[in-house]
>>> print(open('upload27.txt').read())   # compact mmCIF, C-alpha atoms
# COMPACT_ATOMS: atom_id res chain seq x y z
CA MET A 1 30.81 31.47 -25.44
CA ALA A 2 32.61 33.86 -23.12
CA GLY A 3 29.31 34.50 -21.35
CA LEU A 4 29.15 30.82 -20.36
CA ASP A 5 32.42 31.18 -18.40
CA LEU A 6 33.98 28.28 -20.30
CA PRO A 7 37.46 28.34 -21.83
CA PHE A 8 37.43 28.25 -25.62
CA THR A 9 39.50 29.02 -28.68
CA ALA A 10 37.92 30.48 -31.79
CA ILE A 11 39.24 29.23 -35.12
CA THR A 12 38.33 29.79 -38.74
CA ILE A 13 37.29 26.72 -40.69
CA ASP A 14 37.55 26.72 -44.46
CA ALA A 15 34.52 24.71 -45.55
CA ASP A 16 32.31 24.50 -48.60
CA GLU A 17 29.06 26.27 -47.68
CA HIS A 18 27.11 25.18 -50.75
CA TYR A 19 24.07 23.04 -50.01
CA PRO A 20 21.63 20.93 -52.02
CA ALA A 21 18.96 23.11 -53.66
CA GLU A 22 16.09 21.04 -52.26
CA LEU A 23 16.90 21.94 -48.64
CA GLN A 24 14.47 24.29 -46.90
CA GLY A 25 14.52 26.42 -43.73
CA GLY A 26 16.45 24.92 -40.83
CA ASP A 27 17.78 22.09 -42.99
CA ILE A 28 20.13 24.57 -44.69
CA PRO A 29 22.14 25.68 -41.63
CA TYR A 30 21.98 22.08 -40.35
CA TYR A 31 23.75 20.92 -43.52
CA ILE A 32 26.31 23.75 -43.52
CA SER A 33 27.11 23.49 -39.80
CA ARG A 34 27.84 19.79 -40.24
CA ALA A 35 29.96 20.49 -43.34
CA LYS A 36 32.05 22.89 -41.24
CA ALA A 37 32.42 20.22 -38.56
CA HIS A 38 33.48 17.58 -41.10
CA ALA A 39 36.09 19.99 -42.49
CA TYR A 40 37.86 20.16 -39.11
CA ALA A 41 36.91 17.01 -37.17
CA SER A 42 39.98 14.98 -38.17
CA ARG A 43 42.24 17.52 -36.40
CA LEU A 44 40.35 17.23 -33.13
CA LYS A 45 42.34 16.09 -30.09
CA GLU A 46 41.18 14.04 -27.12
CA ASN A 47 39.16 16.03 -24.58
CA GLN A 48 38.28 18.72 -27.12
CA ILE A 49 34.80 19.62 -28.26
CA LEU A 50 34.40 21.21 -31.65
CA ILE A 51 31.42 23.54 -32.01
CA THR A 52 30.42 24.84 -35.43
CA ALA A 53 27.40 26.93 -36.34
CA ASP A 54 25.56 28.46 -39.25
CA THR A 55 22.69 30.95 -39.37
CA ILE A 56 20.24 31.89 -42.10
CA VAL A 57 17.29 34.22 -42.45
CA TRP A 58 14.23 32.60 -44.05
CA LEU A 59 11.57 34.79 -45.65
CA ASP A 60 8.60 33.61 -47.69
CA GLY A 61 10.23 30.31 -48.62
CA GLN A 62 13.59 31.81 -49.56
CA MET A 63 16.95 31.91 -47.82
CA LEU A 64 18.57 35.28 -47.27
CA GLY A 65 22.29 34.78 -46.78
CA LYS A 66 25.01 37.39 -46.50
CA PRO A 67 24.63 40.21 -49.02
CA HIS A 68 27.44 40.71 -51.52
CA ASP A 69 26.98 44.45 -51.94
CA GLU A 70 24.87 47.46 -50.98
CA ALA A 71 22.22 46.75 -53.60
CA GLU A 72 21.68 43.21 -52.33
CA ALA A 73 21.64 44.41 -48.69
CA TYR A 74 19.05 47.04 -49.62
CA SER A 75 16.92 44.44 -51.42
CA MET A 76 17.00 42.10 -48.42
CA LEU A 77 16.08 44.79 -45.90
CA ARG A 78 13.33 46.10 -48.15
CA ALA A 79 11.92 42.54 -48.36
CA LEU A 80 12.06 42.13 -44.55
CA SER A 81 10.35 45.49 -43.94
CA GLY A 82 6.90 45.09 -42.40
CA LYS A 83 7.05 41.29 -42.38
CA THR A 84 7.76 38.35 -40.10
CA HIS A 85 10.68 36.11 -40.99
CA GLN A 86 12.47 33.20 -39.37
CA VAL A 87 16.06 32.98 -38.22
CA PHE A 88 17.45 29.45 -38.11
CA THR A 89 20.75 28.58 -36.47
CA ALA A 90 22.26 25.11 -36.39
CA VAL A 91 25.04 24.22 -33.96
CA THR A 92 27.07 21.04 -34.35
CA PHE A 93 29.10 19.39 -31.59
CA VAL A 94 31.93 16.93 -32.23
CA GLN A 95 34.06 14.95 -29.81
CA LYS A 96 36.77 12.57 -30.96
CA GLY A 97 35.39 9.05 -31.25
CA LYS A 98 31.77 10.09 -30.68
CA ALA A 99 28.84 10.72 -32.97
CA MET A 100 28.33 14.23 -34.28
CA GLU A 101 25.29 15.98 -32.78
CA THR A 102 23.45 18.98 -34.24
CA VAL A 103 20.72 21.16 -32.75
CA VAL A 104 18.65 23.70 -34.66
CA ASP A 105 16.89 26.73 -33.21
CA LYS A 106 14.23 28.92 -34.82
CA THR A 107 13.15 32.43 -33.91
CA ASP A 108 10.31 34.38 -35.54
CA VAL A 109 11.21 38.05 -35.96
CA THR A 110 8.79 40.79 -37.01
CA PHE A 111 10.10 44.00 -38.56
CA ALA A 112 8.34 47.34 -38.67
CA GLU A 113 7.96 49.12 -41.99
CA LEU A 114 11.31 50.71 -42.87
CA THR A 115 11.79 53.82 -44.96
CA ASP A 116 14.33 53.94 -47.77
CA GLU A 117 16.27 56.50 -45.73
CA GLU A 118 16.44 54.16 -42.70
CA ILE A 119 17.63 51.26 -44.83
CA ARG A 120 20.29 53.36 -46.57
CA HIS A 121 21.47 54.81 -43.24
CA TYR A 122 21.88 51.35 -41.74
CA ILE A 123 23.76 49.97 -44.72
CA GLN A 124 26.08 52.98 -44.93
CA LYS A 125 26.89 53.12 -41.22
CA TYR A 126 26.87 49.44 -40.24
CA ARG A 127 27.99 47.70 -43.47
CA PRO A 128 26.04 44.47 -42.78
CA PHE A 129 27.73 42.39 -45.47
CA ASP A 130 28.82 39.66 -43.03
CA LYS A 131 25.33 39.10 -41.65
CA ALA A 132 22.59 36.75 -42.82
CA GLY A 133 19.62 38.78 -44.02
CA ALA A 134 21.78 41.93 -44.07
CA TYR A 135 21.13 42.82 -40.44
CA GLY A 136 22.38 42.43 -36.90
CA VAL A 137 19.58 42.51 -34.35
CA GLN A 138 22.04 43.89 -31.78
CA GLU A 139 22.67 46.96 -33.97
CA TRP A 140 20.67 50.10 -34.79
CA ILE A 141 18.33 48.29 -37.18
CA GLY A 142 17.32 45.90 -34.41
CA TYR A 143 16.52 48.82 -32.12
CA ILE A 144 14.22 50.50 -34.62
CA ALA A 145 12.81 47.63 -36.68
CA CYS A 146 12.40 44.58 -34.46
CA THR A 147 8.87 44.91 -33.08
CA GLU A 148 8.29 41.32 -32.03
CA MET A 149 10.32 38.20 -31.45
CA LYS A 150 9.20 34.68 -30.65
CA GLY A 151 12.21 32.64 -29.63
CA SER A 152 15.79 33.30 -28.63
CA TYR A 153 17.37 36.72 -29.12
CA PHE A 154 20.79 35.07 -29.10
CA ASN A 155 19.68 32.76 -31.90
CA VAL A 156 19.00 35.84 -34.03
CA MET A 157 22.51 37.05 -33.17
CA GLY A 158 23.73 33.74 -34.63
CA PHE A 159 24.45 31.61 -31.58
CA PRO A 160 21.64 30.08 -29.48
CA VAL A 161 23.59 30.08 -26.22
CA HIS A 162 20.83 28.35 -24.24
CA LEU A 163 20.99 25.30 -26.54
CA VAL A 164 24.80 25.28 -26.51
CA TYR A 165 24.79 25.34 -22.71
CA LYS A 166 22.24 22.53 -22.52
CA ALA A 167 24.24 20.37 -24.95
CA LEU A 168 27.54 21.02 -23.18
CA LYS A 169 25.99 20.14 -19.80
CA GLN A 170 25.07 16.75 -21.24
CA MET A 171 28.54 16.24 -22.72
CA LEU A 172 30.65 17.29 -19.74
>>> encode(input="upload27.txt", output="structure tokens")
Amino acid sequence: MAGLDLPFTAITIDADEHYPAELQGGDIPYYISRAKAHAYASRLKENQILITADTIVWLDGQMLGKPHDEAEAYSMLRALSGKTHQVFTAVTFVQKGKAMETVVDKTDVTFAELTDEEIRHYIQKYRPFDKAGAYGVQEWIGYIACTEMKGSYFNVMGFPVHLVYKALKQML
């Protein structure tokens, strides 16, 4: 958001991030982003815009969320190695007295084959336990593993700035 030269305040929203089991791909972050918005919307003041977001990694029909430990991070990175996966991010916008709007972005990311040593190094040094799919594209693993990307780099980072800008232009 700072890169858009707009004033903002970051807050933490305590929201239930569970979702219905039948949801697939981009429907998952869509649901969670809206749940986050619902959890805070009643506190919104006039002339404020609430923006919430959620990002997932989608591989072979399965969602890869944030790993709970090193073993799960290793398993995720091993699964991503040598394959193409999708990163979905949903961003929800709320203004007091107006309908909630949500946009979803998708980026296809291809990873090179990773060695066990590379995976262990990344996990030990970068501790990717707060990242969907156990990786941050802007970190070392992105430098060495990301061989192709179709879509927004910033979406893979977890915030499709181009879509946020477009939506805010329409709102302001």
>>> atom_distance(input="upload27.txt", atom1="CA of Gly133 in chain A", atom2="CA of Gly26 in chain A")
14.6 Å
>>> closest_atom_pairs(input="upload27.txt", of="range 113-134 of chain A", to="range 141-154 of chain A", cutoff="8 Å", atoms="all atoms listed in the file", output="CSV")
residue,atom,partner,partner_atom,distance
A:Glu113,CA,A:Ala145,CA,7.3
A:Leu114,CA,A:Ala145,CA,7.1
A:Tyr122,CA,A:Ile141,CA,6.5
>>> atom_distance(input="upload27.txt", atom1="CA of Lys83 in chain A", atom2="CA of Val156 in chain A")
15.6 Å
>>> residues_around(input="upload27.txt", residues="range 47-59 of chain A", least_positions_apart="5", cutoff="6 Å", atoms="all atoms listed in the file", output="list in words")
Pro29, Ser33, Ala37, Leu64, Gly65, His85, Gln86, Val87, Phe88, Thr89, Ala90, Val91, Thr92, Phe93, Val94, Gln95, Ala132, Gly133 and Gly158 of chain A
>>> atom_distance(input="upload27.txt", atom1="CA of Tyr165 in chain A", atom2="CA of Ala2 in chain A")
11.6 Å
>>> residues_around(input="upload27.txt", residues="Lys96 in chain A", least_positions_apart="5", cutoff="7 Å", atoms="all atoms listed in the file", output="count of residues only")
3
>>> closest_residue(input="upload27.txt", among="A:Lys98, A:Arg34, A:Arg78, A:Lys125", to="Asp16 in chain A", atoms="all atoms listed in the file")
A:Arg34
>>> closest_residue(input="upload27.txt", among="A:Ile32, A:Met1, A:Leu77, A:Leu23", to="Gln62 in chain A", atoms="only C-alpha atoms")
A:Leu23
>>> closest_residue(input="upload27.txt", among="A:His68, A:Met100, A:Ser42, A:Thr84", to="Tyr30 in chain A", atoms="all atoms listed in the file")
A:Met100
>>> residues_around(input="upload27.txt", residues="His121 in chain A", least_positions_apart="6", cutoff="12 Å", atoms="all atoms listed in the file", output="MDAnalysis selection string")
chainID A and resid 70 73:74 77 114:115 127:128 140:141
>>> write_last_selection(input="upload27.txt", atoms="C-alpha atoms", output="short mmCIF file (atom, residue, chain, number, x, y, z; two decimals), in the coordinates of the input")
data_model
loop_
_atom_site.label_atom_id
_atom_site.label_comp_id
_atom_site.auth_asym_id
_atom_site.auth_seq_id
_atom_site.Cartn_x
_atom_site.Cartn_y
_atom_site.Cartn_z
CA GLU A 70 24.87 47.46 -50.98
CA ALA A 73 21.64 44.41 -48.69
CA TYR A 74 19.05 47.04 -49.62
CA LEU A 77 16.08 44.79 -45.90
CA LEU A 114 11.31 50.71 -42.87
CA THR A 115 11.79 53.82 -44.96
CA ARG A 127 27.99 47.70 -43.47
CA PRO A 128 26.04 44.47 -42.78
CA TRP A 140 20.67 50.10 -34.79
CA ILE A 141 18.33 48.29 -37.18
#
>>> residues_around(input="upload27.txt", residues="Gly82 in chain A", least_positions_apart="2", cutoff="7 Å", atoms="all atoms listed in the file", output="ChimeraX atom specification")
/A:80,111-113
>>> closest_residue(input="upload27.txt", among="A:Met63, A:Ala10, A:Val161, A:Thr110", to="Glu22 in chain A", atoms="all atoms listed in the file")
A:Met63
>>> residues_near_point(input="upload27.txt", point="(18.4, 25.5, -24.6)", cutoff="12 Å", atoms="all atoms listed in the file", output="MDAnalysis selection string")
chainID A and resid 91 103:106 151:152 154:155 159:170
>>> build_atoms(input="upload27.txt", residues="range 57-69 of chain A", atoms="N, CA and C atoms", output="mmCIF file, keeping the file's coordinate frame")
data_model
loop_
_atom_site.group_PDB
_atom_site.id
_atom_site.type_symbol
_atom_site.label_atom_id
_atom_site.label_comp_id
_atom_site.auth_asym_id
_atom_site.auth_seq_id
_atom_site.Cartn_x
_atom_site.Cartn_y
_atom_site.Cartn_z
ATOM 1 N N VAL A 57 18.581 33.549 -42.563
ATOM 2 C CA VAL A 57 17.290 34.220 -42.450
ATOM 3 C C VAL A 57 16.401 33.609 -43.527
ATOM 4 N N TRP A 58 15.166 33.267 -43.159
ATOM 5 C CA TRP A 58 14.230 32.600 -44.050
ATOM 6 C C TRP A 58 12.991 33.473 -44.186
ATOM 7 N N LEU A 59 12.713 33.912 -45.400
ATOM 8 C CA LEU A 59 11.570 34.790 -45.650
ATOM 9 C C LEU A 59 10.780 34.274 -46.842
ATOM 10 N N ASP A 60 9.511 34.018 -46.617
ATOM 11 C CA ASP A 60 8.600 33.610 -47.690
ATOM 12 C C ASP A 60 9.164 32.483 -48.551
ATOM 13 N N GLY A 61 9.733 31.473 -47.904
ATOM 14 C CA GLY A 61 10.230 30.310 -48.620
ATOM 15 C C GLY A 61 11.573 30.492 -49.303
ATOM 16 N N GLN A 62 12.277 31.568 -48.960
ATOM 17 C CA GLN A 62 13.590 31.810 -49.560
ATOM 18 C C GLN A 62 14.628 32.120 -48.491
ATOM 19 N N MET A 63 15.850 31.661 -48.729
ATOM 20 C CA MET A 63 16.950 31.910 -47.820
ATOM 21 C C MET A 63 17.604 33.241 -48.158
ATOM 22 N N LEU A 64 17.811 34.037 -47.124
ATOM 23 C CA LEU A 64 18.570 35.280 -47.270
ATOM 24 C C LEU A 64 19.907 35.064 -46.566
ATOM 25 N N GLY A 65 20.956 34.968 -47.343
ATOM 26 C CA GLY A 65 22.290 34.780 -46.780
ATOM 27 C C GLY A 65 22.946 36.114 -46.525
ATOM 28 N N LYS A 66 24.249 36.150 -46.679
ATOM 29 C CA LYS A 66 25.010 37.390 -46.500
ATOM 30 C C LYS A 66 24.998 38.153 -47.827
ATOM 31 N N PRO A 67 24.665 39.434 -47.779
ATOM 32 C CA PRO A 67 24.630 40.210 -49.020
ATOM 33 C C PRO A 67 26.036 40.450 -49.570
ATOM 34 N N HIS A 68 26.142 40.485 -50.881
ATOM 35 C CA HIS A 68 27.440 40.710 -51.520
ATOM 36 C C HIS A 68 27.764 42.179 -51.690
ATOM 37 N N ASP A 69 26.743 43.020 -51.715
ATOM 38 C CA ASP A 69 26.980 44.450 -51.940
ATOM 39 C C ASP A 69 25.807 45.255 -51.378
#
